[in-house]
$ cat entry_39.cif   # mmCIF, C-alpha atoms; chains and numbers go by the auth columns
data_start
#
loop_
_atom_site.group_PDB
_atom_site.id
_atom_site.type_symbol
_atom_site.label_atom_id
_atom_site.label_comp_id
_atom_site.label_asym_id
_atom_site.label_seq_id
_atom_site.Cartn_x
_atom_site.Cartn_y
_atom_site.Cartn_z
_atom_site.B_iso_or_equiv
_atom_site.auth_seq_id
_atom_site.auth_asym_id
ATOM 1 C CA MET A 1 16.396 -23.907 0.110 0.00 1 A
ATOM 2 C CA SER A 2 14.887 -20.627 1.301 0.00 2 A
ATOM 3 C CA VAL A 3 15.430 -17.039 2.421 0.00 3 A
ATOM 4 C CA SER A 4 13.919 -15.501 5.547 0.00 4 A
ATOM 5 C CA THR A 5 14.417 -12.370 7.645 0.00 5 A
ATOM 6 C CA HIS A 6 13.594 -10.974 11.077 0.00 6 A
ATOM 7 C CA VAL A 7 13.536 -7.264 11.967 0.00 7 A
ATOM 8 C CA LEU A 8 14.038 -6.132 15.556 0.00 8 A
ATOM 9 C CA ASP A 9 13.570 -2.543 16.757 0.00 9 A
ATOM 10 C CA THR A 10 15.958 -1.746 19.610 0.00 10 A
ATOM 11 C CA ALA A 11 14.303 1.636 20.247 0.00 11 A
ATOM 12 C CA THR A 12 11.115 -0.125 21.328 0.00 12 A
ATOM 13 C CA GLY A 13 12.630 -3.435 22.393 0.00 13 A
ATOM 14 C CA ARG A 14 10.103 -5.202 20.169 0.00 14 A
ATOM 15 C CA PRO A 15 9.915 -6.911 16.794 0.00 15 A
ATOM 16 C CA ALA A 16 9.352 -4.491 13.920 0.00 16 A
ATOM 17 C CA ALA A 17 5.936 -5.429 12.536 0.00 17 A
ATOM 18 C CA GLY A 18 4.745 -4.049 9.214 0.00 18 A
ATOM 19 C CA VAL A 19 8.117 -3.421 7.544 0.00 19 A
ATOM 20 C CA ALA A 20 7.959 -3.823 3.769 0.00 20 A
ATOM 21 C CA VAL A 21 10.785 -6.037 2.494 0.00 21 A
ATOM 22 C CA ARG A 22 11.832 -6.601 -1.102 0.00 22 A
ATOM 23 C CA LEU A 23 14.131 -9.398 -2.246 0.00 23 A
ATOM 24 C CA SER A 24 15.872 -8.565 -5.527 0.00 24 A
ATOM 25 C CA GLY A 25 18.279 -10.356 -7.798 0.00 25 A
ATOM 26 C CA ALA A 26 21.702 -8.989 -8.744 0.00 26 A
ATOM 27 C CA ASP A 27 20.170 -7.297 -11.791 0.00 27 A
ATOM 28 C CA GLY A 28 17.686 -5.422 -9.581 0.00 28 A
ATOM 29 C CA SER A 29 14.669 -7.468 -10.618 0.00 29 A
ATOM 30 C CA ALA A 30 12.187 -8.108 -7.808 0.00 30 A
ATOM 31 C CA VAL A 31 12.040 -11.719 -6.629 0.00 31 A
ATOM 32 C CA ALA A 32 9.571 -11.178 -3.778 0.00 32 A
ATOM 33 C CA ASP A 33 7.773 -8.416 -1.869 0.00 33 A
ATOM 34 C CA ARG A 34 6.579 -9.149 1.651 0.00 34 A
ATOM 35 C CA VAL A 35 5.755 -7.394 4.941 0.00 35 A
ATOM 36 C CA THR A 36 7.015 -8.461 8.361 0.00 36 A
ATOM 37 C CA ASP A 37 4.426 -10.127 10.577 0.00 37 A
ATOM 38 C CA ALA A 38 3.565 -9.269 14.213 0.00 38 A
ATOM 39 C CA ASP A 39 6.796 -10.982 15.310 0.00 39 A
ATOM 40 C CA GLY A 40 8.874 -8.957 12.821 0.00 40 A
ATOM 41 C CA ARG A 41 9.453 -12.002 10.624 0.00 41 A
ATOM 42 C CA VAL A 42 9.126 -12.973 6.996 0.00 42 A
ATOM 43 C CA ALA A 43 9.576 -16.723 6.978 0.00 43 A
ATOM 44 C CA ASP A 44 8.861 -17.289 3.301 0.00 44 A
ATOM 45 C CA LEU A 45 10.630 -14.633 1.244 0.00 45 A
ATOM 46 C CA ALA A 46 11.679 -17.086 -1.415 0.00 46 A
ATOM 47 C CA GLY A 47 12.629 -20.679 -1.959 0.00 47 A
ATOM 48 C CA ASP A 48 14.672 -22.568 -4.525 0.00 48 A
ATOM 49 C CA LEU A 49 16.932 -19.687 -5.499 0.00 49 A
ATOM 50 C CA PRO A 50 20.013 -20.382 -7.591 0.00 50 A
ATOM 51 C CA ALA A 51 23.488 -19.371 -6.448 0.00 51 A
ATOM 52 C CA GLY A 52 24.108 -15.659 -6.866 0.00 52 A
ATOM 53 C CA THR A 53 24.021 -12.253 -5.239 0.00 53 A
ATOM 54 C CA TYR A 54 20.740 -10.924 -3.851 0.00 54 A
ATOM 55 C CA ARG A 55 19.565 -7.795 -2.058 0.00 55 A
ATOM 56 C CA LEU A 56 17.072 -7.290 0.719 0.00 56 A
ATOM 57 C CA THR A 57 15.620 -3.776 0.835 0.00 57 A
ATOM 58 C CA PHE A 58 13.807 -2.761 4.022 0.00 58 A
ATOM 59 C CA ASP A 59 11.430 0.229 3.874 0.00 59 A
ATOM 60 C CA VAL A 60 12.439 1.818 7.183 0.00 60 A
ATOM 61 C CA ALA A 61 10.702 5.144 6.449 0.00 61 A
ATOM 62 C CA GLY A 62 7.423 3.315 5.920 0.00 62 A
ATOM 63 C CA TYR A 63 7.854 1.773 9.359 0.00 63 A
ATOM 64 C CA ALA A 64 9.560 4.525 11.387 0.00 64 A
ATOM 65 C CA GLY A 65 8.247 7.602 9.587 0.00 65 A
ATOM 66 C CA ALA A 66 9.392 10.026 6.922 0.00 66 A
ATOM 67 C CA ASP A 67 12.019 11.549 9.227 0.00 67 A
ATOM 68 C CA ALA A 68 13.870 8.241 9.657 0.00 68 A
ATOM 69 C CA PHE A 69 17.625 8.834 9.393 0.00 69 A
ATOM 70 C CA TYR A 70 17.927 5.681 7.273 0.00 70 A
ATOM 71 C CA PRO A 71 14.839 5.689 5.012 0.00 71 A
ATOM 72 C CA GLU A 72 15.819 2.280 3.705 0.00 72 A
ATOM 73 C CA VAL A 73 18.348 -0.400 4.495 0.00 73 A
ATOM 74 C CA VAL A 74 19.782 -2.504 1.688 0.00 74 A
ATOM 75 C CA ILE A 75 21.632 -5.703 2.532 0.00 75 A
ATOM 76 C CA ALA A 76 23.462 -7.496 -0.248 0.00 76 A
ATOM 77 C CA PHE A 77 24.283 -11.158 0.372 0.00 77 A
ATOM 78 C CA ARG A 78 25.494 -14.119 -1.613 0.00 78 A
ATOM 79 C CA ILE A 79 23.976 -17.568 -1.919 0.00 79 A
ATOM 80 C CA THR A 80 26.716 -20.104 -2.638 0.00 80 A
ATOM 81 C CA VAL A 81 24.883 -23.214 -1.431 0.00 81 A
ATOM 82 C CA PRO A 82 21.378 -23.106 -2.943 0.00 82 A
ATOM 83 C CA ASP A 83 20.143 -26.018 -0.797 0.00 83 A
ATOM 84 C CA ALA A 84 20.905 -24.157 2.470 0.00 84 A
ATOM 85 C CA HIS A 85 18.519 -21.927 4.399 0.00 85 A
ATOM 86 C CA HIS A 86 19.594 -18.268 4.393 0.00 86 A
ATOM 87 C CA HIS A 87 18.308 -16.169 7.304 0.00 87 A
ATOM 88 C CA VAL A 88 19.257 -12.475 7.200 0.00 88 A
ATOM 89 C CA PRO A 89 18.130 -10.568 10.323 0.00 89 A
ATOM 90 C CA LEU A 90 18.114 -6.774 10.658 0.00 90 A
ATOM 91 C CA VAL A 91 18.463 -4.982 13.998 0.00 91 A
ATOM 92 C CA LEU A 92 17.254 -1.349 13.834 0.00 92 A
ATOM 93 C CA SER A 93 17.758 1.668 16.050 0.00 93 A
ATOM 94 C CA PRO A 94 17.038 5.320 15.217 0.00 94 A
ATOM 95 C CA PHE A 95 20.606 6.076 14.070 0.00 95 A
ATOM 96 C CA ALA A 96 22.153 2.670 13.408 0.00 96 A
ATOM 97 C CA TYR A 97 21.472 -0.808 12.108 0.00 97 A
ATOM 98 C CA SER A 98 23.174 -4.168 12.198 0.00 98 A
ATOM 99 C CA THR A 99 22.842 -7.471 10.390 0.00 99 A
ATOM 100 C CA TYR A 100 24.340 -10.942 10.532 0.00 100 A
ATOM 101 C CA ARG A 101 23.925 -14.393 9.029 0.00 101 A
ATOM 102 C CA GLY A 102 21.286 -16.069 11.143 0.00 102 A
ATOM 103 C CA SER A 103 20.237 -19.653 11.350 0.00 103 A
#
$ encode --input "entry_39.cif" --output "structure tokens"
Amino acid sequence: MSVSTHVLDTATGRPAAGVAVRLSGADGSAVADRVTDADGRVADLAGDLPAGTYRLTFDVAGYAGADAFYPEVVIAFRITVPDAHHHVPLVLSPFAYSTYRGS
């Protein structure tokens, strides 16, 4: 059905607005390039994707600065049910990050 994401910045306690996000296929080809909105969300990364492995790449350095400990975060995930919505949130802090399957 679709892929979306939400980036939260625990250092500021706010959504991470302006984070560049790339969705890529298993072969590395770009499927979509977006930027998080004022609420830290990208609601429309892609729709109608076939089953397979995908990667979300978050440009953390572009958001947090060149000295960011993690200049980028790459999350690989698998779509096994193409008709389902896949929400992949990212929670950032200066020296850690976390992700989970959202709804």
$ atom_distance --input "entry_39.cif" --atom1 "CA of Asp9 in chain A" --atom2 "CA of Ser103 in chain A"
19.1 Å
$ residues_around --input "entry_39.cif" --residues "range 50-54 of chain A" --least-positions-apart "6" --cutoff "7 Å" --atoms "only C-alpha atoms" --output "MDAnalysis selection string"
chainID A and resid 23:26 76:82
$ residues_around --input "entry_39.cif" --residues "range 60-73 of chain A" --least-positions-apart "2" --cutoff "7 Å" --atoms "only C-alpha atoms" --output "list of chain:residue names"
A:Gly18, A:Val19, A:Thr57, A:Phe58, A:Ile75, A:Pro94, A:Phe95
$ residues_around --input "entry_39.cif" --residues "Thr36 in chain A" --least-positions-apart "2" --cutoff "8 Å" --atoms "all atoms listed in the file" --output "mmCIF file with C-alpha atoms, keeping the file's coordinate frame"
data_model
loop_
_atom_site.group_PDB
_atom_site.id
_atom_site.type_symbol
_atom_site.label_atom_id
_atom_site.label_comp_id
_atom_site.auth_asym_id
_atom_site.auth_seq_id
_atom_site.Cartn_x
_atom_site.Cartn_y
_atom_site.Cartn_z
ATOM 1 C CA HIS A 6 13.594 -10.974 11.077
ATOM 2 C CA VAL A 7 13.536 -7.264 11.967
ATOM 3 C CA ALA A 16 9.352 -4.491 13.920
ATOM 4 C CA ALA A 17 5.936 -5.429 12.536
ATOM 5 C CA GLY A 18 4.745 -4.049 9.214
ATOM 6 C CA VAL A 19 8.117 -3.421 7.544
ATOM 7 C CA ALA A 20 7.959 -3.823 3.769
ATOM 8 C CA VAL A 21 10.785 -6.037 2.494
ATOM 9 C CA ARG A 34 6.579 -9.149 1.651
ATOM 10 C CA ALA A 38 3.565 -9.269 14.213
ATOM 11 C CA ASP A 39 6.796 -10.982 15.310
ATOM 12 C CA GLY A 40 8.874 -8.957 12.821
ATOM 13 C CA ARG A 41 9.453 -12.002 10.624
ATOM 14 C CA VAL A 42 9.126 -12.973 6.996
#
$ closest_residue --input "entry_39.cif" --among "A:Ala84, A:Val35, A:Val74, A:Ala96" --to "Val3 in chain A" --atoms "all atoms listed in the file"
A:Ala84
$ atom_distance --input "entry_39.cif" --atom1 "CA of Val31 in chain A" --atom2 "CA of Ala43 in chain A"
14.7 Å
$ atom_distance --input "entry_39.cif" --atom1 "CA of Leu92 in chain A" --atom2 "CA of Thr5 in chain A"
13.0 Å
$ closest_residue --input "entry_39.cif" --among "A:Gly13, A:His85, A:Ser93, A:Ser2" --to "Asp48 in chain A" --atoms "only C-alpha atoms"
A:Ser2
$ resolve_selection --input "entry_39.cif" --expression "the PyMOL selection byres ((chain A and resi 101) around 10)" --output "list in words"
Thr5, Phe77, His86, His87, Val88, Pro89, Leu90, Thr99, Tyr100, Gly102 and Ser103 of chain A
$ closest_residue --input "entry_39.cif" --among "A:Arg22, A:Asp37, A:Ala32, A:Ala46" --to "Ser4 in chain A" --atoms "all atoms listed in the file"
A:Ala46
$ axis_aligned_box --input "entry_39.cif" --around "range 67-70 of chain A" --padding-each-side "5 Å" --output "AutoDock Vina command-line options"
--center_x 15.0 --center_y 8.6 --center_z 8.5 --size_x 15.9 --size_y 15.9 --size_z 12.4
$ build_atoms --input "entry_39.cif" --residues "range 46-61 of chain A" --atoms "N, CA and C atoms" --output "compact mmCIF listing (two decimals), in the coordinates of the input"
# COMPACT_ATOMS: atom_id res chain seq x y z
N ALA A 46 11.51 -16.37 -0.14
CA ALA A 46 11.68 -17.09 -1.42
C ALA A 46 12.28 -18.45 -1.14
N GLY A 47 12.03 -19.36 -2.03
CA GLY A 47 12.63 -20.68 -1.96
C GLY A 47 13.23 -21.05 -3.30
N ASP A 48 14.08 -22.04 -3.29
CA ASP A 48 14.67 -22.57 -4.53
C ASP A 48 15.35 -21.50 -5.38
N LEU A 49 16.18 -20.68 -4.75
CA LEU A 49 16.93 -19.69 -5.50
C LEU A 49 18.27 -20.25 -5.95
N PRO A 50 18.69 -19.93 -7.15
CA PRO A 50 20.01 -20.38 -7.59
C PRO A 50 21.12 -19.59 -6.90
N ALA A 51 22.34 -20.09 -6.98
CA ALA A 51 23.49 -19.37 -6.45
C ALA A 51 23.55 -18.00 -7.10
N GLY A 52 23.98 -17.01 -6.33
CA GLY A 52 24.11 -15.66 -6.87
C GLY A 52 24.05 -14.63 -5.77
N THR A 53 24.10 -13.38 -6.17
CA THR A 53 24.02 -12.25 -5.24
C THR A 53 22.60 -11.72 -5.23
N TYR A 54 22.10 -11.43 -4.04
CA TYR A 54 20.74 -10.92 -3.85
C TYR A 54 20.77 -9.72 -2.93
N ARG A 55 19.69 -8.96 -2.93
CA ARG A 55 19.57 -7.80 -2.06
C ARG A 55 18.22 -7.82 -1.36
N LEU A 56 18.28 -7.53 -0.06
CA LEU A 56 17.07 -7.29 0.72
C LEU A 56 16.98 -5.79 0.94
N THR A 57 15.84 -5.20 0.61
CA THR A 57 15.62 -3.78 0.84
C THR A 57 14.49 -3.63 1.83
N PHE A 58 14.77 -2.96 2.94
CA PHE A 58 13.81 -2.76 4.02
C PHE A 58 13.33 -1.32 3.97
N ASP A 59 12.03 -1.11 3.91
CA ASP A 59 11.43 0.23 3.87
C ASP A 59 11.32 0.75 5.31
N VAL A 60 12.40 1.33 5.80
CA VAL A 60 12.44 1.82 7.18
C VAL A 60 11.55 3.05 7.34
N ALA A 61 11.54 3.95 6.36
CA ALA A 61 10.70 5.14 6.45
C ALA A 61 9.22 4.78 6.55
